[in-house]
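Colleague: Got upload_6.txt for you, compact mmCIF, N, CA and C atoms:
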# COMPACT_ATOMS: atom_id res chain seq x y z
N MET A 23 2.38 -205.13 79.92
CA MET A 23 2.11 -203.71 79.99
C MET A 23 2.27 -203.10 78.60
N ASN A 24 1.65 -201.99 78.37
CA ASN A 24 1.77 -201.30 77.09
C ASN A 24 2.86 -200.25 77.17
N PHE A 25 3.36 -199.88 75.99
CA PHE A 25 4.43 -198.89 75.91
C PHE A 25 4.07 -197.62 76.68
N THR A 26 2.83 -197.18 76.57
CA THR A 26 2.45 -195.90 77.19
C THR A 26 2.39 -195.97 78.72
N SER A 27 2.53 -197.15 79.29
CA SER A 27 2.54 -197.25 80.76
C SER A 27 3.95 -197.40 81.33
N LEU A 28 4.95 -197.36 80.45
CA LEU A 28 6.33 -197.54 80.92
C LEU A 28 6.81 -196.37 81.76
N LYS A 29 7.62 -196.69 82.75
CA LYS A 29 8.40 -195.67 83.46
C LYS A 29 9.74 -195.62 82.75
N ILE A 30 10.25 -194.42 82.53
CA ILE A 30 11.44 -194.22 81.71
C ILE A 30 12.53 -193.51 82.50
N LEU A 31 13.76 -193.92 82.25
CA LEU A 31 14.94 -193.19 82.73
C LEU A 31 15.65 -192.69 81.47
N ALA A 32 15.65 -191.39 81.26
CA ALA A 32 16.26 -190.79 80.07
C ALA A 32 17.77 -190.65 80.28
N ASP A 33 18.54 -191.27 79.39
CA ASP A 33 19.99 -191.18 79.43
C ASP A 33 20.42 -189.73 79.20
N GLU A 34 21.66 -189.43 79.54
CA GLU A 34 22.14 -188.05 79.43
C GLU A 34 22.15 -187.53 78.00
N ASN A 35 22.12 -188.41 77.00
CA ASN A 35 22.14 -187.96 75.61
C ASN A 35 20.75 -187.59 75.08
N ILE A 36 19.73 -187.73 75.90
CA ILE A 36 18.36 -187.41 75.49
C ILE A 36 18.05 -185.94 75.81
N SER A 37 17.58 -185.23 74.82
CA SER A 37 17.29 -183.80 74.96
C SER A 37 16.21 -183.54 76.02
N PRO A 38 16.37 -182.46 76.79
CA PRO A 38 15.32 -182.07 77.74
C PRO A 38 13.97 -181.84 77.05
N LYS A 39 13.99 -181.46 75.76
CA LYS A 39 12.73 -181.27 75.03
C LYS A 39 12.00 -182.60 74.85
N ILE A 40 12.76 -183.67 74.67
CA ILE A 40 12.15 -185.00 74.54
C ILE A 40 11.59 -185.44 75.88
N VAL A 41 12.33 -185.19 76.95
CA VAL A 41 11.85 -185.51 78.30
C VAL A 41 10.55 -184.75 78.57
N LYS A 42 10.54 -183.48 78.25
CA LYS A 42 9.33 -182.66 78.46
C LYS A 42 8.17 -183.20 77.64
N HIS A 43 8.43 -183.55 76.39
CA HIS A 43 7.39 -184.09 75.52
C HIS A 43 6.78 -185.36 76.11
N LEU A 44 7.62 -186.26 76.59
CA LEU A 44 7.12 -187.50 77.20
C LEU A 44 6.29 -187.22 78.45
N ARG A 45 6.78 -186.31 79.27
CA ARG A 45 6.02 -185.95 80.48
C ARG A 45 4.67 -185.34 80.14
N GLU A 46 4.62 -184.55 79.09
CA GLU A 46 3.35 -183.96 78.66
C GLU A 46 2.36 -185.02 78.19
N ARG A 47 2.88 -186.19 77.86
CA ARG A 47 2.04 -187.32 77.45
C ARG A 47 1.88 -188.33 78.59
N ASN A 48 2.10 -187.83 79.80
CA ASN A 48 1.86 -188.57 81.04
C ASN A 48 2.82 -189.73 81.29
N PHE A 49 3.99 -189.71 80.68
CA PHE A 49 5.01 -190.70 81.02
C PHE A 49 5.71 -190.27 82.30
N ASP A 50 6.03 -191.23 83.13
CA ASP A 50 6.82 -191.02 84.34
C ASP A 50 8.28 -191.10 83.90
N VAL A 51 8.94 -189.94 83.78
CA VAL A 51 10.30 -189.88 83.26
C VAL A 51 11.25 -189.32 84.31
N LEU A 52 12.30 -190.07 84.57
CA LEU A 52 13.41 -189.63 85.41
C LEU A 52 14.55 -189.27 84.46
N ASP A 53 15.09 -188.08 84.59
CA ASP A 53 16.13 -187.59 83.68
C ASP A 53 17.48 -187.63 84.38
N THR A 54 18.46 -188.29 83.75
CA THR A 54 19.78 -188.38 84.37
C THR A 54 20.39 -187.00 84.62
N LYS A 55 20.11 -186.05 83.73
CA LYS A 55 20.66 -184.71 83.92
C LYS A 55 20.08 -184.05 85.17
N GLU A 56 18.79 -184.22 85.40
CA GLU A 56 18.14 -183.65 86.58
C GLU A 56 18.62 -184.32 87.87
N GLN A 57 19.08 -185.56 87.76
CA GLN A 57 19.58 -186.30 88.92
C GLN A 57 21.08 -186.07 89.15
N ASN A 58 21.70 -185.24 88.30
CA ASN A 58 23.14 -184.99 88.35
C ASN A 58 23.94 -186.28 88.15
N TRP A 59 23.46 -187.15 87.24
CA TRP A 59 24.14 -188.40 86.94
C TRP A 59 24.92 -188.34 85.63
N CYS A 60 25.10 -187.16 85.06
CA CYS A 60 25.86 -187.05 83.82
C CYS A 60 27.29 -187.53 84.08
N GLY A 61 27.81 -188.31 83.16
CA GLY A 61 29.16 -188.84 83.30
C GLY A 61 29.24 -190.13 84.08
N LYS A 62 28.12 -190.56 84.66
CA LYS A 62 28.12 -191.83 85.40
C LYS A 62 28.26 -192.98 84.40
N GLU A 63 28.84 -194.06 84.86
CA GLU A 63 29.00 -195.24 84.02
C GLU A 63 27.62 -195.79 83.62
N ASP A 64 27.58 -196.40 82.44
CA ASP A 64 26.33 -197.01 81.98
C ASP A 64 25.83 -198.09 82.94
N ALA A 65 26.76 -198.81 83.57
CA ALA A 65 26.37 -199.85 84.54
C ALA A 65 25.62 -199.22 85.72
N PHE A 66 26.00 -198.01 86.12
CA PHE A 66 25.29 -197.30 87.19
C PHE A 66 23.86 -196.97 86.74
N ILE A 67 23.72 -196.50 85.50
CA ILE A 67 22.40 -196.16 84.97
C ILE A 67 21.52 -197.40 84.91
N LEU A 68 22.09 -198.53 84.47
CA LEU A 68 21.32 -199.78 84.45
C LEU A 68 20.87 -200.17 85.85
N LYS A 69 21.75 -200.03 86.81
CA LYS A 69 21.42 -200.39 88.19
C LYS A 69 20.28 -199.51 88.72
N GLN A 70 20.36 -198.22 88.47
CA GLN A 70 19.31 -197.30 88.92
C GLN A 70 17.98 -197.62 88.24
N SER A 71 18.03 -197.87 86.94
CA SER A 71 16.78 -198.15 86.22
C SER A 71 16.16 -199.46 86.69
N THR A 72 16.99 -200.44 86.99
CA THR A 72 16.49 -201.72 87.48
C THR A 72 15.84 -201.56 88.85
N ALA A 73 16.50 -200.80 89.72
CA ALA A 73 15.97 -200.59 91.07
C ALA A 73 14.60 -199.91 91.04
N GLU A 74 14.38 -199.05 90.04
CA GLU A 74 13.12 -198.30 89.94
C GLU A 74 12.18 -198.85 88.86
N GLU A 75 12.55 -199.98 88.27
CA GLU A 75 11.75 -200.61 87.22
C GLU A 75 11.43 -199.62 86.09
N ARG A 76 12.49 -199.05 85.54
CA ARG A 76 12.38 -198.08 84.44
C ARG A 76 13.13 -198.59 83.21
N PHE A 77 12.58 -198.29 82.04
CA PHE A 77 13.27 -198.55 80.78
C PHE A 77 14.21 -197.38 80.52
N VAL A 78 15.46 -197.67 80.16
CA VAL A 78 16.42 -196.63 79.81
C VAL A 78 16.16 -196.21 78.37
N LEU A 79 15.95 -194.91 78.15
CA LEU A 79 15.79 -194.34 76.82
C LEU A 79 17.14 -193.76 76.42
N THR A 80 17.70 -194.24 75.30
CA THR A 80 19.06 -193.85 74.95
C THR A 80 19.33 -193.94 73.46
N TYR A 81 20.40 -193.25 73.03
CA TYR A 81 20.95 -193.42 71.69
C TYR A 81 22.20 -194.30 71.75
N ASP A 82 22.59 -194.71 72.92
CA ASP A 82 23.88 -195.36 73.19
C ASP A 82 23.77 -196.89 73.07
N SER A 83 24.44 -197.44 72.08
CA SER A 83 24.40 -198.90 71.87
C SER A 83 25.20 -199.67 72.92
N ASP A 84 25.99 -198.97 73.72
CA ASP A 84 26.79 -199.64 74.75
C ASP A 84 25.92 -200.36 75.78
N PHE A 85 24.70 -199.91 75.97
CA PHE A 85 23.81 -200.59 76.91
C PHE A 85 23.54 -202.02 76.45
N GLY A 86 23.35 -202.20 75.17
CA GLY A 86 23.14 -203.54 74.63
C GLY A 86 24.34 -204.44 74.85
N THR A 87 25.53 -203.87 74.68
CA THR A 87 26.76 -204.63 74.93
C THR A 87 26.84 -205.07 76.38
N LEU A 88 26.54 -204.16 77.29
CA LEU A 88 26.58 -204.51 78.72
C LEU A 88 25.60 -205.63 79.04
N ILE A 89 24.44 -205.59 78.42
CA ILE A 89 23.40 -206.57 78.73
C ILE A 89 23.69 -207.93 78.07
N ILE A 90 23.98 -207.89 76.79
CA ILE A 90 24.12 -209.15 76.05
C ILE A 90 25.48 -209.80 76.28
N HIS A 91 26.55 -209.02 76.20
CA HIS A 91 27.88 -209.61 76.31
C HIS A 91 28.37 -209.72 77.75
N ASP A 92 28.08 -208.70 78.55
CA ASP A 92 28.55 -208.70 79.94
C ASP A 92 27.50 -209.23 80.91
N GLN A 93 26.31 -209.50 80.40
CA GLN A 93 25.20 -210.07 81.16
C GLN A 93 24.85 -209.25 82.41
N LYS A 94 24.86 -207.92 82.24
CA LYS A 94 24.43 -207.04 83.33
C LYS A 94 22.92 -207.12 83.49
N LYS A 95 22.47 -207.04 84.73
CA LYS A 95 21.03 -207.02 85.00
C LYS A 95 20.46 -205.70 84.48
N PHE A 96 19.22 -205.78 83.99
CA PHE A 96 18.56 -204.57 83.50
C PHE A 96 17.05 -204.77 83.57
N TYR A 97 16.34 -203.67 83.53
CA TYR A 97 14.87 -203.76 83.52
C TYR A 97 14.35 -203.67 82.09
N GLY A 98 14.86 -202.72 81.32
CA GLY A 98 14.44 -202.57 79.93
C GLY A 98 15.20 -201.44 79.26
N ILE A 99 15.32 -201.52 77.94
CA ILE A 99 16.03 -200.50 77.17
C ILE A 99 15.14 -200.08 76.00
N ILE A 100 15.11 -198.78 75.73
CA ILE A 100 14.53 -198.24 74.51
C ILE A 100 15.70 -197.59 73.77
N TYR A 101 16.17 -198.28 72.74
CA TYR A 101 17.34 -197.83 71.99
C TYR A 101 16.89 -197.14 70.71
N LEU A 102 17.15 -195.84 70.63
CA LEU A 102 16.79 -195.05 69.45
C LEU A 102 17.94 -195.12 68.45
N ARG A 103 17.76 -195.93 67.44
CA ARG A 103 18.80 -196.15 66.41
C ARG A 103 18.35 -195.46 65.13
N LEU A 104 18.38 -194.13 65.18
CA LEU A 104 17.84 -193.32 64.09
C LEU A 104 18.96 -192.62 63.33
N ALA A 105 18.78 -192.47 62.03
CA ALA A 105 19.75 -191.74 61.21
C ALA A 105 19.70 -190.24 61.54
N ASN A 106 18.49 -189.75 61.78
CA ASN A 106 18.28 -188.33 62.09
C ASN A 106 17.94 -188.18 63.57
N LEU A 107 18.90 -187.71 64.35
CA LEU A 107 18.69 -187.56 65.79
C LEU A 107 18.22 -186.15 66.17
N ASN A 108 17.77 -185.39 65.18
CA ASN A 108 17.20 -184.09 65.44
C ASN A 108 16.01 -184.27 66.39
N THR A 109 15.90 -183.40 67.38
CA THR A 109 14.87 -183.52 68.41
C THR A 109 13.46 -183.65 67.82
N SER A 110 13.16 -182.86 66.81
CA SER A 110 11.81 -182.92 66.23
C SER A 110 11.56 -184.27 65.56
N ASN A 111 12.58 -184.87 64.95
CA ASN A 111 12.41 -186.19 64.35
C ASN A 111 12.23 -187.26 65.43
N VAL A 112 13.00 -187.17 66.50
CA VAL A 112 12.88 -188.14 67.59
C VAL A 112 11.48 -188.06 68.19
N ILE A 113 10.97 -186.86 68.40
CA ILE A 113 9.62 -186.69 68.93
C ILE A 113 8.59 -187.29 67.97
N HIS A 114 8.78 -187.06 66.68
CA HIS A 114 7.89 -187.64 65.67
C HIS A 114 7.87 -189.16 65.75
N VAL A 115 9.04 -189.76 65.86
CA VAL A 115 9.15 -191.23 65.95
C VAL A 115 8.51 -191.73 67.25
N ILE A 116 8.76 -191.05 68.34
CA ILE A 116 8.16 -191.44 69.62
C ILE A 116 6.64 -191.35 69.54
N ASN A 117 6.13 -190.32 68.90
CA ASN A 117 4.68 -190.18 68.75
C ASN A 117 4.08 -191.36 67.97
N LYS A 118 4.78 -191.81 66.95
CA LYS A 118 4.30 -192.97 66.19
C LYS A 118 4.28 -194.21 67.07
N LEU A 119 5.29 -194.34 67.94
CA LEU A 119 5.34 -195.48 68.85
C LEU A 119 4.22 -195.40 69.89
N ILE A 120 3.92 -194.21 70.34
CA ILE A 120 2.81 -194.02 71.29
C ILE A 120 1.50 -194.48 70.65
N ILE A 121 1.30 -194.15 69.38
CA ILE A 121 0.09 -194.56 68.68
C ILE A 121 0.04 -196.08 68.54
N LEU A 122 1.17 -196.70 68.20
CA LEU A 122 1.23 -198.16 68.09
C LEU A 122 0.98 -198.83 69.45
N ASN A 123 1.55 -198.23 70.48
CA ASN A 123 1.40 -198.69 71.86
C ASN A 123 1.59 -200.21 72.02
N PRO A 124 2.77 -200.73 71.61
CA PRO A 124 2.97 -202.17 71.67
C PRO A 124 3.01 -202.69 73.10
N VAL A 125 2.72 -203.97 73.24
CA VAL A 125 2.87 -204.64 74.53
C VAL A 125 4.36 -204.89 74.75
N VAL A 126 4.83 -204.53 75.92
CA VAL A 126 6.24 -204.74 76.27
C VAL A 126 6.32 -205.39 77.65
N HIS A 127 7.46 -205.99 77.91
CA HIS A 127 7.68 -206.69 79.17
C HIS A 127 9.04 -206.32 79.73
N PRO A 128 9.23 -206.49 81.03
CA PRO A 128 10.57 -206.31 81.59
C PRO A 128 11.56 -207.23 80.87
N HIS A 129 12.81 -206.81 80.85
CA HIS A 129 13.91 -207.57 80.24
C HIS A 129 13.80 -207.63 78.72
N GLU A 130 13.26 -206.55 78.15
CA GLU A 130 13.22 -206.43 76.70
C GLU A 130 14.01 -205.21 76.27
N ILE A 131 14.58 -205.33 75.07
CA ILE A 131 15.24 -204.20 74.43
C ILE A 131 14.36 -203.81 73.24
N ILE A 132 13.89 -202.57 73.25
CA ILE A 132 13.08 -202.04 72.16
C ILE A 132 14.02 -201.23 71.27
N VAL A 133 14.21 -201.68 70.05
CA VAL A 133 15.09 -200.98 69.11
C VAL A 133 14.20 -200.26 68.11
N ILE A 134 14.34 -198.94 68.10
CA ILE A 134 13.53 -198.12 67.21
C ILE A 134 14.45 -197.57 66.12
N SER A 135 14.23 -198.05 64.90
CA SER A 135 15.00 -197.55 63.76
C SER A 135 14.08 -196.70 62.89
N ASP A 136 14.64 -196.19 61.81
CA ASP A 136 13.85 -195.33 60.93
C ASP A 136 12.69 -196.07 60.26
N LYS A 137 12.83 -197.38 60.07
CA LYS A 137 11.82 -198.12 59.32
C LYS A 137 11.00 -199.09 60.15
N LYS A 138 11.49 -199.46 61.35
CA LYS A 138 10.74 -200.46 62.11
C LYS A 138 11.07 -200.40 63.60
N VAL A 139 10.25 -201.13 64.35
CA VAL A 139 10.46 -201.29 65.78
C VAL A 139 10.64 -202.78 66.03
N ARG A 140 11.74 -203.13 66.70
CA ARG A 140 11.97 -204.52 67.08
C ARG A 140 11.96 -204.60 68.60
N ILE A 141 11.35 -205.64 69.12
CA ILE A 141 11.34 -205.86 70.56
C ILE A 141 12.02 -207.21 70.79
N ARG A 142 13.11 -207.17 71.53
CA ARG A 142 13.89 -208.38 71.78
C ARG A 142 13.88 -208.71 73.26
N ARG A 143 13.43 -209.89 73.58
CA ARG A 143 13.45 -210.38 74.96
C ARG A 143 14.84 -210.93 75.24
N VAL A 144 15.42 -210.55 76.37
CA VAL A 144 16.74 -211.03 76.76
C VAL A 144 16.59 -211.89 78.01
N VAL A 145 17.03 -213.11 77.92
CA VAL A 145 16.99 -214.01 79.06
C VAL A 145 18.21 -213.73 79.92
N ILE A 146 17.95 -213.39 81.18
CA ILE A 146 19.07 -213.09 82.08
C ILE A 146 19.19 -214.12 83.18
Using the file provided, produce a representation of the structure as C-alpha cells.
Modeller:
Amino acid sequence: MNFTSLKILADENISPKIVKHLRERNFDVLDTKEQNWCGKEDAFILKQSTAEERFVLTYDSDFGTLIIHDQKKFYGIIYLRLANLNTSNVIHVINKLIILNPVVHPHEIIVISDKKVRIRRVVI
C-alpha cells in the first residue's frame, strides 16, 4: 500500500491542526483526543491501532521501545523525529511525504527526520 492510503491513529501529542490537515487530504484519521484516550498507556494505543489496522502517528519514541525491546504487537508507526515540532513545520514535512508517497507495509516503523525518511520492517 502507499503512504496516502494509510489509516492513522494520531497520538495525543499530535495537534488537532495536523489531524485536520490529514483529513482534508482524505486520510482516515482516528484521534486519541477525540476518543478520550488521553493518558492511556502506549500499549493500549498500540492495541487499538492493531485492532483497526492503523499506523500510530506520534512524536513519542517509547512506541519503538515497546515494539523492539518488549516485542509488543503493532500494525505500524509513523515516528516524527523532527527538531522543529511547530505545527506548520510538521504539516510541511507531512506534505513532502504525501508527495513522495512511499510504499509501506504493516509492521513497519516510518521514521521521519529533518533530512530523511527511513522505513524499518520489524519482524514480530
Colleague: Report the distance between atom CA of Glu74 of chain A and atom CA of Arg140 of chain A in Å, rounded to one decimal place.
Modeller: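 Distance reported for this atom pair: 23.7 Å.
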Colleague: In terms of the shortest atom-to-atom distance over only C-alpha atoms, which of A:Arg103, A:Gly98, A:Asn24, A:Lys62 is closest to Asp82 of chain A?
Modeller: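 Using only C-alpha atoms, Asp82 of chain A sits closest to A:Arg103.
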Colleague: Env of Glu63 of chain A: 12 Å cut, atoms = only C-alpha atoms, seq-sep filter 5 positions within chain, self excluded. Answer as a list in words.
Modeller: Asp33, Glu34, Thr54, Leu68, Lys69, Gln70, Asp82, Asp84, Phe85 and Leu88 of chain A
Colleague: One number please: atom N of Asp53 of chain A to atom C of Val41 of chain A, in Å, one decimal.
Modeller: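 One can read the atom N of Asp53 of chain A to atom C of Val41 of chain A distance as 8.2 Å.
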Colleague: What is the atom C of Tyr101 of chain A to atom C of Ser135 of chain A distance in Å?
Modeller: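 Straight-line distance from atom C of Tyr101 of chain A to atom C of Ser135 of chain A works out to 8.3 Å.
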Colleague: For Lys137 of chain A, please output as a ChimeraX atom specification all residues within 12 Å (counting only C-alpha atoms; exclusion window: fewer than 5 positions along the same chain).
Modeller: /A:102-105,115,118-119
Colleague: Extract, using only N, CA and C atoms, all DNA, RNA and protein residues at most 6.5 Å from Ala32 of chain A, discarding same-chain residues fewer than 5 positions from it, and format them as a PyMOL selection string.
Modeller: chain A and resi 51-55+77-80
Colleague: When you look at Ile131 of chain A with a cut-off of 5 Å (counting only N, CA and C atoms), what residues show up, excluding the ones that are within fewer than 6 positions of it in the same chain? I need them as a list of chain:residue names.
Modeller: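 The filter keeps A:Ile99, A:Ile141, A:Arg142, A:Arg143.
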Colleague: Could you list, as a PyMOL selection string, every residue within 8 Å of Ser71 of chain A, counting all atoms listed in the file and ignoring same-chain residues fewer than 5 positions away?
Modeller: chain A and resi 30-31+65-66+76-78+95-98
Colleague: Looking at all atoms listed in the file, which of A:Ile100, A:Ile116, A:Ile90, A:Leu28 is the one that sits closest to Glu75 of chain A?
Modeller: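 Selected residue with least distance to Glu75 of chain A: A:Leu28.
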Colleague: Quick one: of A:Ile67, A:Met23, A:Ile36, A:Val145, who's nearest to Asn123 of chain A, counting only N, CA and C atoms?
Modeller: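 Of all the options, A:Met23 lies closest to Asn123 of chain A.
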